[in-house]
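The next block is protein-v4.txt, given as compact mmCIF, C-alpha atoms.
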```
# COMPACT_ATOMS: atom_id res chain seq x y z
CA MET A 1 194.68 75.67 -23.73
CA LEU A 2 196.99 78.44 -22.61
CA GLU A 3 199.38 80.27 -24.91
CA TYR A 4 203.02 80.20 -23.88
CA ALA A 5 205.52 82.39 -25.70
CA HIS A 6 208.78 80.80 -26.74
CA GLU A 7 211.90 82.93 -26.76
CA GLU A 8 215.53 82.40 -27.58
CA LEU A 9 217.49 83.96 -24.74
CA THR A 10 220.70 82.69 -23.16
CA PRO A 11 220.83 82.37 -19.36
CA GLU A 12 223.15 85.41 -19.38
CA GLU A 13 220.64 87.49 -21.34
CA ILE A 14 217.87 86.51 -18.94
CA GLU A 15 220.04 87.48 -15.98
CA ALA A 16 220.86 90.84 -17.57
CA GLU A 17 217.17 91.53 -18.13
CA GLU A 18 216.33 90.75 -14.51
CA ALA A 19 219.16 93.00 -13.33
CA LEU A 20 217.72 95.80 -15.47
CA TYR A 21 214.01 95.57 -14.67
CA THR A 22 214.02 94.49 -11.02
CA PRO A 23 215.39 97.84 -9.73
CA LEU A 24 212.83 99.72 -11.86
CA ALA A 25 209.95 97.68 -10.43
CA ASP A 26 211.36 98.12 -6.92
CA ALA A 27 211.38 101.88 -7.44
CA VAL A 28 207.75 101.77 -8.63
CA ARG A 29 206.80 99.65 -5.57
CA ASP A 30 208.30 102.34 -3.39
CA LEU A 31 206.35 104.99 -5.30
CA VAL A 32 203.10 103.05 -4.74
CA ASP A 33 203.75 103.10 -0.98
CA ALA A 34 204.69 106.79 -1.04
CA THR A 35 201.51 107.65 -2.98
CA ILE A 36 199.37 106.15 -0.22
CA ARG A 37 201.26 107.79 2.64
CA THR A 38 202.34 111.21 1.38
CA THR A 39 201.20 114.39 3.08
CA VAL A 40 203.06 116.90 0.88
CA ASP A 41 201.14 119.99 -0.18
CA PRO A 42 198.63 119.84 -3.05
CA ASP A 43 200.80 121.67 -5.59
CA GLU A 44 203.58 119.17 -5.02
CA VAL A 45 201.16 116.23 -5.40
CA ARG A 46 200.06 117.65 -8.77
CA ALA A 47 203.63 118.28 -9.86
CA VAL A 48 204.67 114.72 -9.04
CA GLN A 49 201.58 113.39 -10.84
CA ALA A 50 202.57 115.20 -14.03
CA GLU A 51 206.07 113.78 -13.84
CA VAL A 52 204.79 110.23 -13.25
CA GLU A 53 202.61 110.59 -16.34
CA GLY A 54 205.65 111.68 -18.31
CA LEU A 55 207.69 108.69 -17.15
CA ALA A 56 204.93 106.23 -18.08
CA ALA A 57 204.78 107.80 -21.55
CA ARG A 58 208.56 107.36 -21.92
CA LEU A 59 208.32 103.66 -21.00
CA ARG A 60 205.39 103.23 -23.38
CA SER A 61 207.28 104.71 -26.35
CA SER A 62 208.24 101.09 -27.03
CA GLN A 63 206.22 98.31 -25.41
CA MET A 64 204.87 94.80 -25.90
CA GLU A 65 201.27 94.19 -26.92
CA GLY A 66 199.11 93.10 -23.99
CA SER A 67 200.44 91.39 -20.88
CA PHE A 68 203.87 89.89 -20.21
CA GLY A 69 202.55 86.32 -20.36
CA VAL A 70 204.59 83.27 -19.41
CA ARG A 71 207.64 82.56 -21.54
CA LEU A 72 209.51 79.35 -22.11
CA THR A 73 213.08 79.30 -23.42
CA ASP A 74 214.93 76.60 -25.27
CA HIS A 75 217.19 76.29 -22.23
CA GLY A 76 214.29 75.11 -20.09
CA SER A 77 213.71 78.25 -18.04
CA VAL A 78 210.31 79.83 -17.50
CA ARG A 79 209.80 83.55 -17.05
CA ASN A 80 206.66 84.93 -15.43
CA HIS A 81 208.00 88.38 -14.61
CA GLY A 82 204.55 89.95 -14.89
CA ASN A 83 202.94 87.58 -12.35
CA ALA A 84 200.77 89.34 -9.74
CA VAL A 85 202.50 87.61 -6.80
CA VAL A 86 206.01 86.67 -7.85
CA GLY A 87 206.59 88.87 -10.93
CA THR A 88 209.82 90.81 -10.52
CA ARG A 89 208.62 93.39 -13.08
CA ASN A 90 205.19 93.79 -11.46
CA ALA A 91 204.90 96.43 -8.72
CA VAL A 92 201.54 94.96 -7.64
CA ALA A 93 203.49 91.85 -6.54
CA PRO A 94 205.33 92.17 -3.18
CA PRO A 95 207.12 90.17 -4.90
CA LEU A 96 207.51 86.80 -3.22
CA HIS A 97 210.83 85.01 -3.70
CA MET A 98 209.72 81.42 -3.50
CA GLU A 99 211.77 78.55 -2.17
CA ARG A 100 210.86 74.96 -2.97
CA SER A 101 211.80 71.44 -2.10
CA GLY A 102 211.38 68.45 -4.40
CA GLU A 103 208.92 66.58 -2.18
CA GLY A 104 206.24 69.19 -2.78
CA ARG A 105 206.83 72.06 -0.39
CA ALA A 106 207.15 75.78 -1.13
CA TRP A 107 207.66 78.73 1.19
CA ALA A 108 208.56 82.41 1.23
CA ASP A 109 209.44 85.11 3.75
CA PHE A 110 208.28 88.57 2.79
CA HIS A 111 207.14 91.95 4.02
CA LEU A 112 203.73 93.51 3.36
CA GLY A 113 203.41 97.27 3.77
CA ALA A 114 200.69 99.90 3.42
CA ALA A 115 199.68 98.78 -0.10
CA TYR A 116 198.30 95.47 1.19
CA GLU A 117 196.02 96.82 3.91
CA GLY A 118 192.39 95.89 4.52
CA PRO A 119 191.16 96.52 8.07
CA PRO A 120 193.32 99.13 9.84
CA GLY A 121 196.87 97.81 10.38
CA LEU A 122 195.97 94.38 9.00
CA VAL A 123 196.64 92.62 5.72
CA HIS A 124 193.55 92.53 3.48
CA GLY A 125 191.95 89.08 3.82
CA GLY A 126 191.92 88.80 0.04
CA VAL A 127 195.65 89.55 -0.15
CA THR A 128 196.30 86.56 2.12
CA ALA A 129 194.26 84.45 -0.35
CA LEU A 130 196.23 85.89 -3.28
CA ILE A 131 199.52 84.87 -1.67
CA LEU A 132 198.43 81.46 -0.41
CA ASP A 133 196.98 80.54 -3.82
CA GLN A 134 200.39 81.17 -5.35
CA VAL A 135 202.34 79.34 -2.62
CA CYS A 136 200.00 76.33 -2.79
CA GLY A 137 200.33 76.22 -6.57
CA GLU A 138 204.11 76.32 -6.28
CA ALA A 139 204.09 73.50 -3.72
CA ALA A 140 202.07 71.34 -6.11
CA ALA A 141 204.49 72.19 -8.91
CA ALA A 142 207.55 71.56 -6.71
CA GLY A 143 206.25 68.04 -6.10
CA GLY A 144 205.90 67.44 -9.83
CA ALA A 145 202.10 67.81 -9.73
CA PRO A 146 201.34 71.24 -11.19
CA GLY A 147 197.83 72.36 -11.99
CA MET A 148 195.27 75.10 -12.31
CA THR A 149 193.47 76.03 -9.09
CA GLY A 150 190.19 74.08 -8.85
CA THR A 151 189.07 75.15 -5.39
CA LEU A 152 190.70 77.21 -2.66
CA THR A 153 189.39 77.34 0.91
CA MET A 154 190.70 79.93 3.34
CA ARG A 155 190.24 79.74 7.14
CA TYR A 156 190.99 82.97 8.97
CA ARG A 157 192.24 82.30 12.53
CA ARG A 158 192.98 85.94 13.40
CA GLY A 159 193.94 89.17 11.69
CA THR A 160 197.32 89.19 9.92
CA PRO A 161 199.32 92.30 10.90
CA LEU A 162 201.13 94.25 8.18
CA GLY A 163 204.87 93.55 8.43
CA ASP A 164 207.15 90.52 8.18
CA LEU A 165 205.32 87.31 7.27
CA HIS A 166 205.96 83.71 6.28
CA ALA A 167 203.85 81.60 3.93
CA GLU A 168 204.28 77.88 3.43
CA ALA A 169 202.44 75.10 1.61
CA TRP A 170 202.86 71.37 1.12
CA ILE A 171 201.24 68.59 -0.86
CA GLU A 172 198.80 66.73 1.38
CA ARG A 173 197.89 64.02 -1.14
CA ARG A 174 197.50 63.24 -4.84
CA GLU A 175 194.57 61.65 -6.67
CA GLY A 176 195.40 61.16 -10.33
CA ARG A 177 195.52 64.57 -12.01
CA LYS A 178 194.32 66.23 -8.78
CA THR A 179 196.63 67.43 -6.03
CA ILE A 180 195.46 68.57 -2.60
CA VAL A 181 197.73 71.15 -0.98
CA HIS A 182 197.59 72.65 2.50
CA GLY A 183 199.13 75.98 3.39
CA ALA A 184 199.47 78.53 6.15
CA LEU A 185 200.36 82.18 6.59
CA SER A 186 202.06 83.19 9.82
CA ASP A 187 203.62 86.10 11.66
CA ALA A 188 206.10 85.88 14.56
CA GLU A 189 203.27 84.79 16.89
CA GLY A 190 202.15 81.84 14.76
CA THR A 191 199.52 80.97 12.16
CA THR A 192 197.01 83.61 11.11
CA VAL A 193 195.37 81.95 8.07
CA GLU A 194 195.15 78.34 6.88
CA CYS A 195 194.11 77.13 3.46
CA GLU A 196 193.46 74.08 1.36
CA GLY A 197 193.81 74.12 -2.41
CA LEU A 198 192.82 71.59 -5.03
CA PHE A 199 194.96 71.79 -8.16
CA ILE A 200 193.98 70.04 -11.38
CA LEU A 201 196.28 69.31 -14.31
CA PRO A 202 194.38 69.88 -17.58
CA ARG A 203 194.70 67.07 -20.14
CA TRP A 204 196.25 69.41 -22.71
CA ALA A 205 198.95 70.29 -20.18
CA VAL A 206 200.08 66.69 -19.85
CA GLU A 207 201.06 66.81 -23.51
CA LEU A 208 202.68 70.24 -23.18
CA MET A 209 204.73 69.05 -20.21
CA GLU A 210 206.10 66.20 -22.28
CA GLN A 211 207.03 68.62 -25.10
CA ALA A 212 208.68 71.02 -22.64
CA SER A 213 210.80 68.21 -21.24
CA GLY A 214 209.92 68.44 -17.60
CA GLU A 215 209.11 72.14 -17.36
CA GLY A 216 205.50 71.46 -16.47
CA PRO A 217 206.02 72.32 -12.83
CA HIS A 218 206.26 76.01 -13.75
CA LEU A 219 203.43 76.25 -16.24
CA PHE A 220 200.69 77.73 -14.06
CA GLU A 221 202.46 80.25 -11.86
CA MET B 1 190.07 95.19 18.54
CA LEU B 2 190.97 97.27 15.53
CA GLU B 3 192.18 100.86 15.74
CA TYR B 4 190.15 103.37 13.74
CA ALA B 5 191.47 106.90 13.33
CA HIS B 6 189.03 109.72 13.88
CA GLU B 7 189.41 112.86 11.83
CA GLU B 8 187.61 116.16 11.57
CA LEU B 9 187.08 116.82 7.88
CA THR B 10 184.09 118.36 6.19
CA PRO B 11 182.53 116.54 3.22
CA GLU B 12 184.03 119.29 1.01
CA GLU B 13 187.52 118.67 2.39
CA ILE B 14 187.16 114.94 1.81
CA GLU B 15 186.04 115.55 -1.76
CA ALA B 16 188.99 117.87 -2.39
CA GLU B 17 191.39 115.25 -1.06
CA GLU B 18 189.96 112.59 -3.34
CA ALA B 19 190.18 114.94 -6.32
CA LEU B 20 193.86 115.52 -5.49
CA TYR B 21 195.05 111.96 -4.82
CA THR B 22 192.97 109.91 -7.26
CA PRO B 23 194.73 111.27 -10.38
CA LEU B 24 198.14 110.68 -8.74
CA ALA B 25 197.26 107.05 -7.95
CA ASP B 26 195.85 106.61 -11.48
CA ALA B 27 199.15 107.86 -12.91
CA VAL B 28 201.06 105.40 -10.71
CA ARG B 29 198.75 102.55 -11.84
CA ASP B 30 199.59 103.43 -15.41
CA LEU B 31 203.30 103.42 -14.53
CA VAL B 32 202.95 99.94 -12.96
CA ASP B 33 201.49 98.65 -16.25
CA ALA B 34 204.16 100.42 -18.33
CA THR B 35 206.93 98.93 -16.13
CA ILE B 36 205.73 95.41 -16.94
CA ARG B 37 205.33 96.01 -20.67
CA THR B 38 208.09 98.40 -21.67
CA THR B 39 210.72 97.45 -24.25
CA VAL B 40 212.70 100.71 -24.31
CA ASP B 41 216.47 100.42 -24.32
CA PRO B 42 218.42 99.70 -21.11
CA ASP B 43 219.78 103.23 -20.66
CA GLU B 44 216.26 104.63 -20.80
CA VAL B 45 215.02 102.04 -18.26
CA ARG B 46 217.78 103.12 -15.88
CA ALA B 47 217.07 106.81 -16.47
CA VAL B 48 213.36 106.35 -15.72
CA GLN B 49 214.22 104.31 -12.62
CA ALA B 50 216.34 107.18 -11.25
CA GLU B 51 213.51 109.63 -11.82
CA VAL B 52 210.94 107.35 -10.16
CA GLU B 53 213.22 107.14 -7.12
CA GLY B 54 213.41 110.91 -7.05
CA LEU B 55 209.62 111.28 -7.19
CA ALA B 56 209.11 108.81 -4.34
CA ALA B 57 211.61 110.79 -2.27
CA ARG B 58 209.68 114.00 -2.95
CA LEU B 59 206.40 112.40 -1.83
CA ARG B 60 208.12 111.01 1.27
CA SER B 61 209.46 114.41 2.34
CA SER B 62 206.24 114.63 4.35
CA GLN B 63 204.31 111.44 5.05
CA MET B 64 202.16 109.64 7.60
CA GLU B 65 203.56 106.98 9.89
CA GLY B 66 202.70 103.48 8.75
CA SER B 67 199.68 102.63 6.65
CA PHE B 68 196.66 104.77 5.74
CA GLY B 69 194.32 102.82 8.03
CA VAL B 70 190.57 103.28 8.10
CA ARG B 71 189.31 106.69 9.19
CA LEU B 72 185.99 107.70 10.62
CA THR B 73 184.75 111.27 10.51
CA ASP B 74 182.28 113.04 12.74
CA HIS B 75 180.02 113.34 9.70
CA GLY B 76 179.67 109.57 9.50
CA SER B 77 181.85 108.90 6.50
CA VAL B 78 184.53 106.21 6.40
CA ARG B 79 187.71 106.54 4.39
CA ASN B 80 189.74 103.48 3.40
CA HIS B 81 191.73 105.09 0.60
CA GLY B 82 194.68 102.75 1.19
CA ASN B 83 192.60 99.56 0.81
CA ALA B 84 194.18 96.93 -1.45
CA VAL B 85 191.01 96.48 -3.54
CA VAL B 86 188.99 99.70 -3.38
CA GLY B 87 191.57 102.24 -2.15
CA THR B 88 191.63 105.23 -4.48
CA ARG B 89 195.14 106.14 -3.28
CA ASN B 90 196.48 102.61 -3.68
CA ALA B 91 197.93 101.69 -7.09
CA VAL B 92 197.84 98.00 -6.16
CA ALA B 93 194.02 98.28 -6.16
CA PRO B 94 192.37 98.25 -9.62
CA PRO B 95 190.47 100.05 -7.83
CA LEU B 96 186.93 98.69 -7.66
CA HIS B 97 184.12 101.26 -7.47
CA MET B 98 181.57 99.31 -5.52
CA GLU B 99 177.81 99.64 -5.85
CA ARG B 100 175.49 98.34 -3.16
CA SER B 101 171.84 97.78 -2.43
CA GLY B 102 170.30 97.77 1.02
CA GLU B 103 169.10 94.18 0.95
CA GLY B 104 172.68 92.90 1.02
CA ARG B 105 174.03 92.97 -2.50
CA ALA B 106 177.23 94.55 -3.85
CA TRP B 107 178.70 94.60 -7.34
CA ALA B 108 181.36 96.27 -9.46
CA ASP B 109 182.39 96.47 -13.09
CA PHE B 110 186.12 96.87 -13.65
CA HIS B 111 189.04 96.17 -15.94
CA LEU B 112 192.08 94.06 -15.06
CA GLY B 113 195.23 94.56 -17.13
CA ALA B 114 198.75 93.13 -17.25
CA ALA B 115 199.42 93.73 -13.54
CA TYR B 116 196.86 91.09 -12.51
CA GLU B 117 198.12 88.20 -14.63
CA GLY B 118 198.79 84.64 -13.47
CA PRO B 119 198.70 82.06 -16.27
CA PRO B 120 199.32 83.65 -19.69
CA GLY B 121 196.46 86.01 -20.61
CA LEU B 122 194.44 85.04 -17.53
CA VAL B 123 193.74 86.77 -14.23
CA HIS B 124 195.79 85.26 -11.39
CA GLY B 125 193.52 82.88 -9.43
CA GLY B 126 194.53 84.65 -6.23
CA VAL B 127 193.52 88.02 -7.65
CA THR B 128 190.02 86.69 -8.23
CA ALA B 129 189.98 85.67 -4.54
CA LEU B 130 191.24 89.11 -3.52
CA ILE B 131 188.41 90.79 -5.38
CA LEU B 132 185.64 88.40 -4.39
CA ASP B 133 186.63 88.63 -0.71
CA GLN B 134 186.11 92.38 -0.89
CA VAL B 135 182.84 92.20 -2.83
CA CYS B 136 181.43 89.55 -0.46
CA GLY B 137 182.42 91.65 2.56
CA GLU B 138 180.71 94.68 1.04
CA ALA B 139 177.54 92.69 0.37
CA ALA B 140 177.43 91.60 4.02
CA ALA B 141 177.95 95.21 5.07
CA ALA B 142 175.35 96.50 2.61
CA GLY B 143 172.81 94.23 4.27
CA GLY B 144 173.67 95.61 7.69
CA ALA B 145 175.63 92.49 8.65
CA PRO B 146 179.31 93.47 8.41
CA GLY B 147 182.07 91.21 9.66
CA MET B 148 185.61 89.95 9.40
CA THR B 149 186.16 87.11 6.91
CA GLY B 150 185.92 83.77 8.73
CA THR B 151 186.17 81.41 5.79
CA LEU B 152 186.28 81.96 2.04
CA THR B 153 185.82 79.17 -0.49
CA MET B 154 186.60 79.72 -4.16
CA ARG B 155 185.43 77.46 -6.99
CA TYR B 156 187.18 78.01 -10.31
CA ARG B 157 184.92 77.13 -13.27
CA ARG B 158 187.34 78.24 -15.99
CA GLY B 159 190.15 80.71 -16.50
CA THR B 160 189.23 84.40 -16.17
CA PRO B 161 190.60 86.37 -19.14
CA LEU B 162 192.29 89.72 -18.49
CA GLY B 163 189.96 92.52 -19.55
CA ASP B 164 186.50 93.78 -18.59
CA LEU B 165 184.94 91.89 -15.69
CA HIS B 166 181.96 91.98 -13.33
CA ALA B 167 181.91 90.83 -9.71
CA GLU B 168 178.78 90.48 -7.63
CA ALA B 169 177.88 89.10 -4.20
CA TRP B 170 174.74 88.75 -2.10
CA ILE B 171 173.78 87.64 1.38
CA GLU B 172 172.62 84.03 1.27
CA ARG B 173 171.58 83.82 4.93
CA ARG B 174 172.33 85.10 8.43
CA GLU B 175 172.89 83.14 11.64
CA GLY B 176 173.29 85.51 14.58
CA ARG B 177 176.63 87.31 14.22
CA LYS B 178 177.50 85.16 11.19
CA THR B 179 176.57 86.05 7.62
CA ILE B 180 176.93 83.68 4.66
CA VAL B 181 177.55 85.44 1.36
CA HIS B 182 177.72 84.01 -2.15
CA GLY B 183 179.52 85.71 -5.00
CA ALA B 184 180.60 85.30 -8.59
CA LEU B 185 183.09 86.76 -11.02
CA SER B 186 182.15 86.86 -14.68
CA ASP B 187 183.25 88.00 -18.12
CA ALA B 188 181.02 88.60 -21.15
CA GLU B 189 180.64 84.81 -21.60
CA GLY B 190 179.38 84.16 -18.06
CA THR B 191 180.65 83.03 -14.66
CA THR B 192 184.33 82.12 -14.29
CA VAL B 193 184.65 81.83 -10.50
CA GLU B 194 182.13 81.29 -7.68
CA CYS B 195 182.70 81.80 -3.99
CA GLU B 196 181.13 81.50 -0.58
CA GLY B 197 182.23 83.64 2.33
CA LEU B 198 181.41 83.44 6.01
CA PHE B 199 181.64 86.81 7.74
CA ILE B 200 181.67 87.12 11.53
CA LEU B 201 180.98 90.27 13.51
CA PRO B 202 183.38 90.44 16.48
CA ARG B 203 181.76 91.24 19.83
CA TRP B 204 183.83 94.41 20.26
CA ALA B 205 182.51 95.63 16.91
CA VAL B 206 178.91 95.47 18.06
CA GLU B 207 179.76 98.11 20.66
CA LEU B 208 181.78 100.19 18.18
CA MET B 209 178.90 100.12 15.69
CA GLU B 210 176.60 101.54 18.34
CA GLN B 211 179.11 104.30 19.12
CA ALA B 212 179.57 105.11 15.43
CA SER B 213 175.81 105.47 15.01
CA GLY B 214 175.21 103.03 12.22
CA GLU B 215 178.57 103.20 10.49
CA GLY B 216 179.36 99.57 11.27
CA PRO B 217 178.62 98.43 7.73
CA HIS B 218 181.88 100.05 6.58
CA LEU B 219 184.19 98.96 9.38
CA PHE B 220 185.93 96.01 7.77
CA GLU B 221 186.51 97.03 4.19
```
Do you think you could lay out the structure here as structure tokens?
Amino acid sequence: MLEYAHEELTPEEIEAEEALYTPLADAVRDLVDATIRTTVDPDEVRAVQAEVEGLAARLRSSQMEGSFGVRLTDHGSVRNHGNAVVGTRNAVAPPLHMERSGEGRAWADFHLGAAYEGPPGLVHGGVTALILDQVCGEAAAAGGAPGMTGTLTMRYRRGTPLGDLHAEAWIERREGRKTIVHGALSDAEGTTVECEGLFILPRWAVELMEQASGEGPHLFE
Amino acid sequence: MLEYAHEELTPEEIEAEEALYTPLADAVRDLVDATIRTTVDPDEVRAVQAEVEGLAARLRSSQMEGSFGVRLTDHGSVRNHGNAVVGTRNAVAPPLHMERSGEGRAWADFHLGAAYEGPPGLVHGGVTALILDQVCGEAAAAGGAPGMTGTLTMRYRRGTPLGDLHAEAWIERREGRKTIVHGALSDAEGTTVECEGLFILPRWAVELMEQASGEGPHLFE
């Protein structure tokens, strides 16, 4: 089974931490984009590189072992700030700010820039899978049927242009511990990619969900 | 059809550019990881944030419009340094250093750290799809049958631990402009995820491949 950290933080402490780290991660996201697109002269590239190395060393002067993980608090909140799609502290994540409704639907509006490119001017096909996997998983969770991804099938209708996008997913049906979710990615012109995900709730997680008093919906994000 | 930039660079100039930008992107990758894991005090987080913003501004003082794109040279090389999986200038990319064989096989050994996490200690299921999409596309291309992803089906056997991983894909069969590729992701214990991808060569690309004298295999990465 998976290892969840438990931490004793008040809602105010959690909010203060988000307010501290989100602007740092946003700055690093911007630096990722600038690194791809810069055309400054070579000496300046090397000078910036040296300074980036210095800043990483400063942040590492005190750091946690390994990855951020997924943390549960006594107050019932779940923090996955390192998550590759929604993690507010993770500059690899766009990040998506997910919205949910109780009947098993999740959606997000977001912008993908130069860092998510595959074919010229288009979102990498694998990035669309990365995002839809997360949105489908959140839809399953929103409907009270969380799970680990069992299968994920992507159907590419046309290229997805870099820019403003919308992703949405909804529970199609449930079969015991299995939940089938459908999802779609779209731009202003309509759907670009469709997907179907099968999410399976491990037996050990049923027990953990009971212990965590209803926090199961967030366990696999 | 897709827009490919043409550029006049000698192999030496391309090599010099890689030698300049790869260490910068590596430094930014390290900063992404440090941003997730740091536990320095709040004043230091804010101080580093201000410096990161300053460095991004310096890189942006001269920059290209939009994304990096995919660039073809007169010498027959293709540069996709902004690519979300293999782009050496893109800190979102691990990046994968792909190996290929002419009969339609591609593989890569790589390490995924804290920035690629989903469930605690595990690679995000969508990240495995991101990587396998790329490796499958490269296998199709390596076999002379490049294409845009049509469908991609992922089967998750077990969680993929963060750490050292191997991804591999091979052409299963070809049907006209369609190529069916199978792939797998594995850790030291064996396969964690399997996938099947269907890659389709657009009609316009057939013509472009002829123009580019055999460079078609790299067009969609």
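Separating atom CA of B:Val206 from atom CA of B:Val78 is a distance of 16.8 Å.
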Fill in: For atom CA of A:Gly163 and atom CA of B:Val28, the interatomic separation in Å (one decimal)
22.8 Å
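Taking atom CA of A:Ala139 as the reference point, atom CA of A:Gly104 is found at 4.9 Å.
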Discussion item. Using only C-alpha atoms and a distance of at most 6 Å, pull out the residues of chain A that contact chain B, as a PyMOL selection string.
Written reply: chain A and resi 24+27+31-32+34+36-40+49+53+56+59-60+62-64+67+69-70+82-84+89-92+114-120+126-127+129-130+133+150-156+220-221
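Using all atoms listed in the file, the residues found no farther than 10 Å from A:Ala106, other than those of its own chain fewer than 4 positions away, are Met98, Glu99, Arg100, Ser101, Gly102, Gln134, Val135, Cys136, Gly137, Glu138, Ala139, Ala140, Ala141, Ala142, Gly143, Ala167, Glu168, Ala169, Trp170, Ile171 and Gly183 of chain A.
If you measure from each of B:Asp164, B:Ile200, B:Gly144, B:Asp74 to B:Ile180 using all atoms listed in the file, the closest one turns out to be B:Ile200.
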Once 8 Å is added on each side, what centre and edge lengths in Å to one decimal does the axis-aligned box around all listed atoms of stretch 74-79 of chain A have, as AutoDock Vina command-line options?
```
--center_x 213.5 --center_y 79.3 --center_z -21.2 --size_x 23.4 --size_y 24.4 --size_z 24.2
```
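Nearest residue to B:Gly176 among B:Glu207, B:Gly147, B:Glu18, B:Arg105 is B:Gly147, counting only C-alpha atoms.
Near A:Gly190, within 10 Å and counting all atoms listed in the file, sit Leu165, His166 and Ala184 of chain A, not including residues fewer than 6 positions from it in the same chain.
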Residues proximal to (176.2, 85.2, 15.9) were defined as those with any atom within 10 Å of that point in the file's coordinates, counting all atoms listed in the file. Which are they, as a PDB file with C-alpha atoms, keeping the file's coordinate frame?
```pdb
ATOM      1  CA  ARG B 174     172.330  85.100   8.430  1.00  0.00           C
ATOM      2  CA  GLU B 175     172.890  83.140  11.640  1.00  0.00           C
ATOM      3  CA  GLY B 176     173.290  85.510  14.580  1.00  0.00           C
ATOM      4  CA  ARG B 177     176.630  87.310  14.220  1.00  0.00           C
ATOM      5  CA  LYS B 178     177.500  85.160  11.190  1.00  0.00           C
ATOM      6  CA  THR B 179     176.570  86.050   7.620  1.00  0.00           C
ATOM      7  CA  PHE B 199     181.640  86.810   7.740  1.00  0.00           C
ATOM      8  CA  ILE B 200     181.670  87.120  11.530  1.00  0.00           C
ATOM      9  CA  LEU B 201     180.980  90.270  13.510  1.00  0.00           C
ATOM     10  CA  PRO B 202     183.380  90.440  16.480  1.00  0.00           C
ATOM     11  CA  ARG B 203     181.760  91.240  19.830  1.00  0.00           C
TER      12      ARG B 203
END
```
Generate N, CA and C atoms for stretch 106-120 of chain B and emit them as a tab-separated table (two decimals), in the coordinates of the input.
```
chain	number	residue	atom	x	y	z
B	106	ALA	N	176.19	93.61	-3.42
B	106	ALA	CA	177.23	94.55	-3.85
B	106	ALA	C	177.78	94.06	-5.18
B	107	TRP	N	178.17	95.00	-6.04
B	107	TRP	CA	178.70	94.60	-7.34
B	107	TRP	C	179.61	95.70	-7.88
B	108	ALA	N	180.44	95.32	-8.84
B	108	ALA	CA	181.36	96.27	-9.46
B	108	ALA	C	181.72	95.78	-10.85
B	109	ASP	N	181.86	96.73	-11.76
B	109	ASP	CA	182.39	96.47	-13.09
B	109	ASP	C	183.77	97.09	-13.14
B	110	PHE	N	184.73	96.38	-13.69
B	110	PHE	CA	186.12	96.87	-13.65
B	110	PHE	C	186.93	96.19	-14.73
B	111	HIS	N	188.13	96.69	-14.90
B	111	HIS	CA	189.04	96.17	-15.94
B	111	HIS	C	190.33	95.72	-15.26
B	112	LEU	N	190.79	94.51	-15.59
B	112	LEU	CA	192.08	94.06	-15.06
B	112	LEU	C	193.07	93.90	-16.21
B	113	GLY	N	194.20	94.60	-16.10
B	113	GLY	CA	195.23	94.56	-17.13
B	113	GLY	C	196.41	93.69	-16.73
B	114	ALA	N	197.55	93.97	-17.36
B	114	ALA	CA	198.75	93.13	-17.25
B	114	ALA	C	199.21	92.90	-15.81
B	115	ALA	N	198.92	93.83	-14.92
B	115	ALA	CA	199.42	93.73	-13.54
B	115	ALA	C	198.71	92.65	-12.73
B	116	TYR	N	197.65	92.08	-13.28
B	116	TYR	CA	196.86	91.09	-12.51
B	116	TYR	C	196.95	89.69	-13.11
B	117	GLU	N	197.99	89.47	-13.91
B	117	GLU	CA	198.12	88.20	-14.63
B	117	GLU	C	198.69	87.07	-13.77
B	118	GLY	N	198.21	85.86	-14.03
B	118	GLY	CA	198.79	84.64	-13.47
B	118	GLY	C	199.22	83.78	-14.65
B	119	PRO	N	198.42	82.78	-15.04
B	119	PRO	CA	198.70	82.06	-16.27
B	119	PRO	C	198.61	83.03	-17.46
B	120	PRO	N	199.26	82.70	-18.57
B	120	PRO	CA	199.32	83.65	-19.69
B	120	PRO	C	197.94	84.11	-20.17
```
